[in-house]
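A.B. asks: The structure that follows is given in the form of structure tokens.
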Amino acid sequence: MALHLNTRMVVAGLSAVLAAPTAEAAVAPSPAGRILAHHVACAPAPEPLIALANQTSYQTGDATFSKVDDAREAIRRAQIAPLVDLTRRTATYANRYVRSQGRDTASGACVLRWLDQWARADAMQRMLTHDAQFVRAVNLSGWALAYAQVARLEIAGDDPRPRILAWFARMADDLRRHHDGLTNTTARNNHRYWAGLAAMAVGRVTQDRGLRDWALASARIGLAQVNAEGALPLELARGERARHYHLYAATPLVMTAELALIDRVDLYRDHGGALRRLVRFATGSIGDPSRMASLSGAKQLPFVDPRGAFFGQMVAWYEYYGRRFPGEPGGGAILTHRPLVNAEIGGDITLLASHTTATPRP
């Protein structure tokens, strides 16, 4: 599929998604030029996955779901590799487009080309296990937020965006049906919050209010569980990985809260400021995990490389939160690790947050 682009492009991207509807985009449009259609060549996209049947990588019989079975983990990584690659590369292309202030139209076009290849194949429609549903939710969040960064790219000729948006909507609707049918722990833990973020991100780019309302309900399932200290009981039950999973759960909850503000819904105020309590507790455990260890009943696993990609992925959302609530305890230490990158929420979050006009809280 070839994309034919006009040289006059508008940059808004994630800025427009995270900013108030009436606010101007934080990134200036690229200079107007004469209209010129041209063919854009992109690296080959990963082969679309139609069905997925991956299983958890944790050991059988481990009630905490914290002890990894290396053989299972290797199998799982191989199974989900194509969609992880799609998420990582589309975020990279989208970030290049934003960083160039709309001049790198080829990178913006490649986001659409890759997503369209999977949309045309109707990929990721047969999720045969719950873990497959979970993996799709996490990556769908990334795809929708990468798409948002290039959504206003001007295209001459065949426009792939309607196909991409219809594909997003089918996946989000299936996620909603799946999670509404759950009655176990995964109906209330971080899995549900990630499904909610996917629904919120898709609901924003497709203008589907029903999906956004379901996303709010999903986030509130988590916020209702945050105790006075800021802990999530279901994530404390993850034993030695409780610290990891509190930060992991905070990711979709903070991102959903930021996107919800566009509809003048302030999740930061829900349940007596539960989300802020959670953030303080989770980020406080980075430097001092003793309280997390005490509440979870297990010594916490270390971050193997506190300056590496894994740590950045766990706390990249703090770029938005820190701008919302400057001066929070421990926030400055997190931001010393910039750039903070997480493809599952849009890629280089240090870059994107710096280009985002914050939505005023109602």
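Going by the structure tokens order, chains are called A, B, ..., each with residues numbered from 1, while ligands are numbered from 1 in the order shown.
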When DSSP is applied to the backbone of this structure, which of stretch 167-241 of chain A are assigned helix (DSSP H, G or I)? Write them out as number ranges by chain.
C.D. replies: A: 167-180, 185-187, 190-206, 209-223, 233-236, 239-241
A.B. asks: Applying 12 Å and only C-alpha atoms, which residues near A:Asp85 remain after dropping the ones on its own chain fewer than 3 positions away? List them as a list in words.
C.D. replies: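 Answer for this query is Pro44, Ala45, Pro46, Glu47, Pro48, Leu49, Arg77, Ala78, Gln79, Ile80, Ala81, Pro82, Arg88, Arg89, Thr90, Ala91, Thr92, Trp114, Leu115, Asn139, Gly142, Trp143, Ala343 and Glu344 of chain A.
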A.B. asks: Which is closer to A:Gln207 than all the others in A:Glu328, A:Asp263, A:Asp180, A:Glu235, using only C-alpha atoms?
C.D. replies: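 Answer, going by the shortest atom-to-atom distance: A:Asp263.
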A.B. asks: When DSSP works through the backbone of this structure, what residues of stretch 100-250 of chain A end up as strand (DSSP E), shown as number ranges by chain?
C.D. replies: A: 126-127, 155-156
A.B. asks: Take the residues from that selection and put them in a file with N, CA and C atoms, as a PDB file, in the first residue's frame.
C.D. replies:
```pdb
ATOM      1  N   ARG A 126      -8.820 -12.849  16.877  1.00  0.00           N
ATOM      2  CA  ARG A 126      -9.116 -14.120  17.554  1.00  0.00           C
ATOM      3  C   ARG A 126      -8.176 -14.269  18.748  1.00  0.00           C
ATOM      4  N   MET A 127      -8.613 -13.757  19.884  1.00  0.00           N
ATOM      5  CA  MET A 127      -7.844 -13.856  21.113  1.00  0.00           C
ATOM      6  C   MET A 127      -8.342 -15.079  21.886  1.00  0.00           C
ATOM      7  N   ILE A 155      -3.436  13.647   3.549  1.00  0.00           N
ATOM      8  CA  ILE A 155      -3.177  12.552   2.619  1.00  0.00           C
ATOM      9  C   ILE A 155      -3.960  12.777   1.334  1.00  0.00           C
ATOM     10  N   ALA A 156      -3.290  12.639   0.206  1.00  0.00           N
ATOM     11  CA  ALA A 156      -3.943  12.699  -1.090  1.00  0.00           C
ATOM     12  C   ALA A 156      -4.147  11.275  -1.586  1.00  0.00           C
TER      13      ALA A 156
END
```
A.B. asks: What's around A:Ala63 at 12 Å? Count only C-alpha atoms, leave out sequence neighbours fewer than 5 positions away in its own chain, and write the answer as a list in words.
C.D. replies: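 Those residues are Tyr58, Thr185, Leu234, Ala237, Arg238, Gly239 and Glu240 of chain A.
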A.B. asks: Take the residues from that selection and put them in a file with N, CA and C atoms, as an mmCIF file, in the first residue's frame.
C.D. replies:
```
data_model
loop_
_atom_site.group_PDB
_atom_site.id
_atom_site.type_symbol
_atom_site.label_atom_id
_atom_site.label_comp_id
_atom_site.auth_asym_id
_atom_site.auth_seq_id
_atom_site.Cartn_x
_atom_site.Cartn_y
_atom_site.Cartn_z
ATOM 1 N N TYR A 58 4.213 -17.165 34.175
ATOM 2 C CA TYR A 58 4.513 -17.488 35.573
ATOM 3 C C TYR A 58 4.380 -18.981 35.845
ATOM 4 N N THR A 185 -10.142 -12.318 39.596
ATOM 5 C CA THR A 185 -9.281 -11.202 39.985
ATOM 6 C C THR A 185 -8.956 -10.284 38.819
ATOM 7 N N LEU A 234 -4.832 -5.992 45.422
ATOM 8 C CA LEU A 234 -4.609 -7.044 44.431
ATOM 9 C C LEU A 234 -3.190 -7.012 43.890
ATOM 10 N N ALA A 237 -0.758 -8.484 46.485
ATOM 11 C CA ALA A 237 -0.780 -9.951 46.443
ATOM 12 C C ALA A 237 0.225 -10.522 45.458
ATOM 13 N N ARG A 238 0.912 -9.665 44.688
ATOM 14 C CA ARG A 238 1.909 -10.136 43.730
ATOM 15 C C ARG A 238 3.255 -10.400 44.395
ATOM 16 N N GLY A 239 3.288 -10.374 45.744
ATOM 17 C CA GLY A 239 4.491 -10.777 46.464
ATOM 18 C C GLY A 239 5.704 -9.949 46.119
ATOM 19 N N GLU A 240 6.764 -10.617 45.691
ATOM 20 C CA GLU A 240 8.030 -9.930 45.435
ATOM 21 C C GLU A 240 7.979 -8.972 44.244
#
```
A.B. asks: Skipping near chain neighbours, those fewer than 2 positions away, what residues fall within 8 Å of A:Ile345 using only C-alpha atoms, listed as a list in words?
C.D. replies: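 Everything that qualifies: Ser141, Gly142, Leu145, Met255, Trp317, Asn342, Ala343, Gly347 and Ile349 of chain A.
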A.B. asks: Leaving out A:Gln300 and any residue of its chain fewer than 5 positions from it, which residues lie within 7 Å of it when counting only C-alpha atoms, given as a list of chain:residue names?
C.D. replies: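 In the requested form, the answer reads A:Glu240, A:Arg241, A:Arg243, A:Pro289, A:Ala293.
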A.B. asks: Looking at A:Tyr245, A:Tyr321, A:Trp214, A:Tyr193, which one is nearest to A:Ser285, with distances taken over only C-alpha atoms?
C.D. replies: A:Tyr245
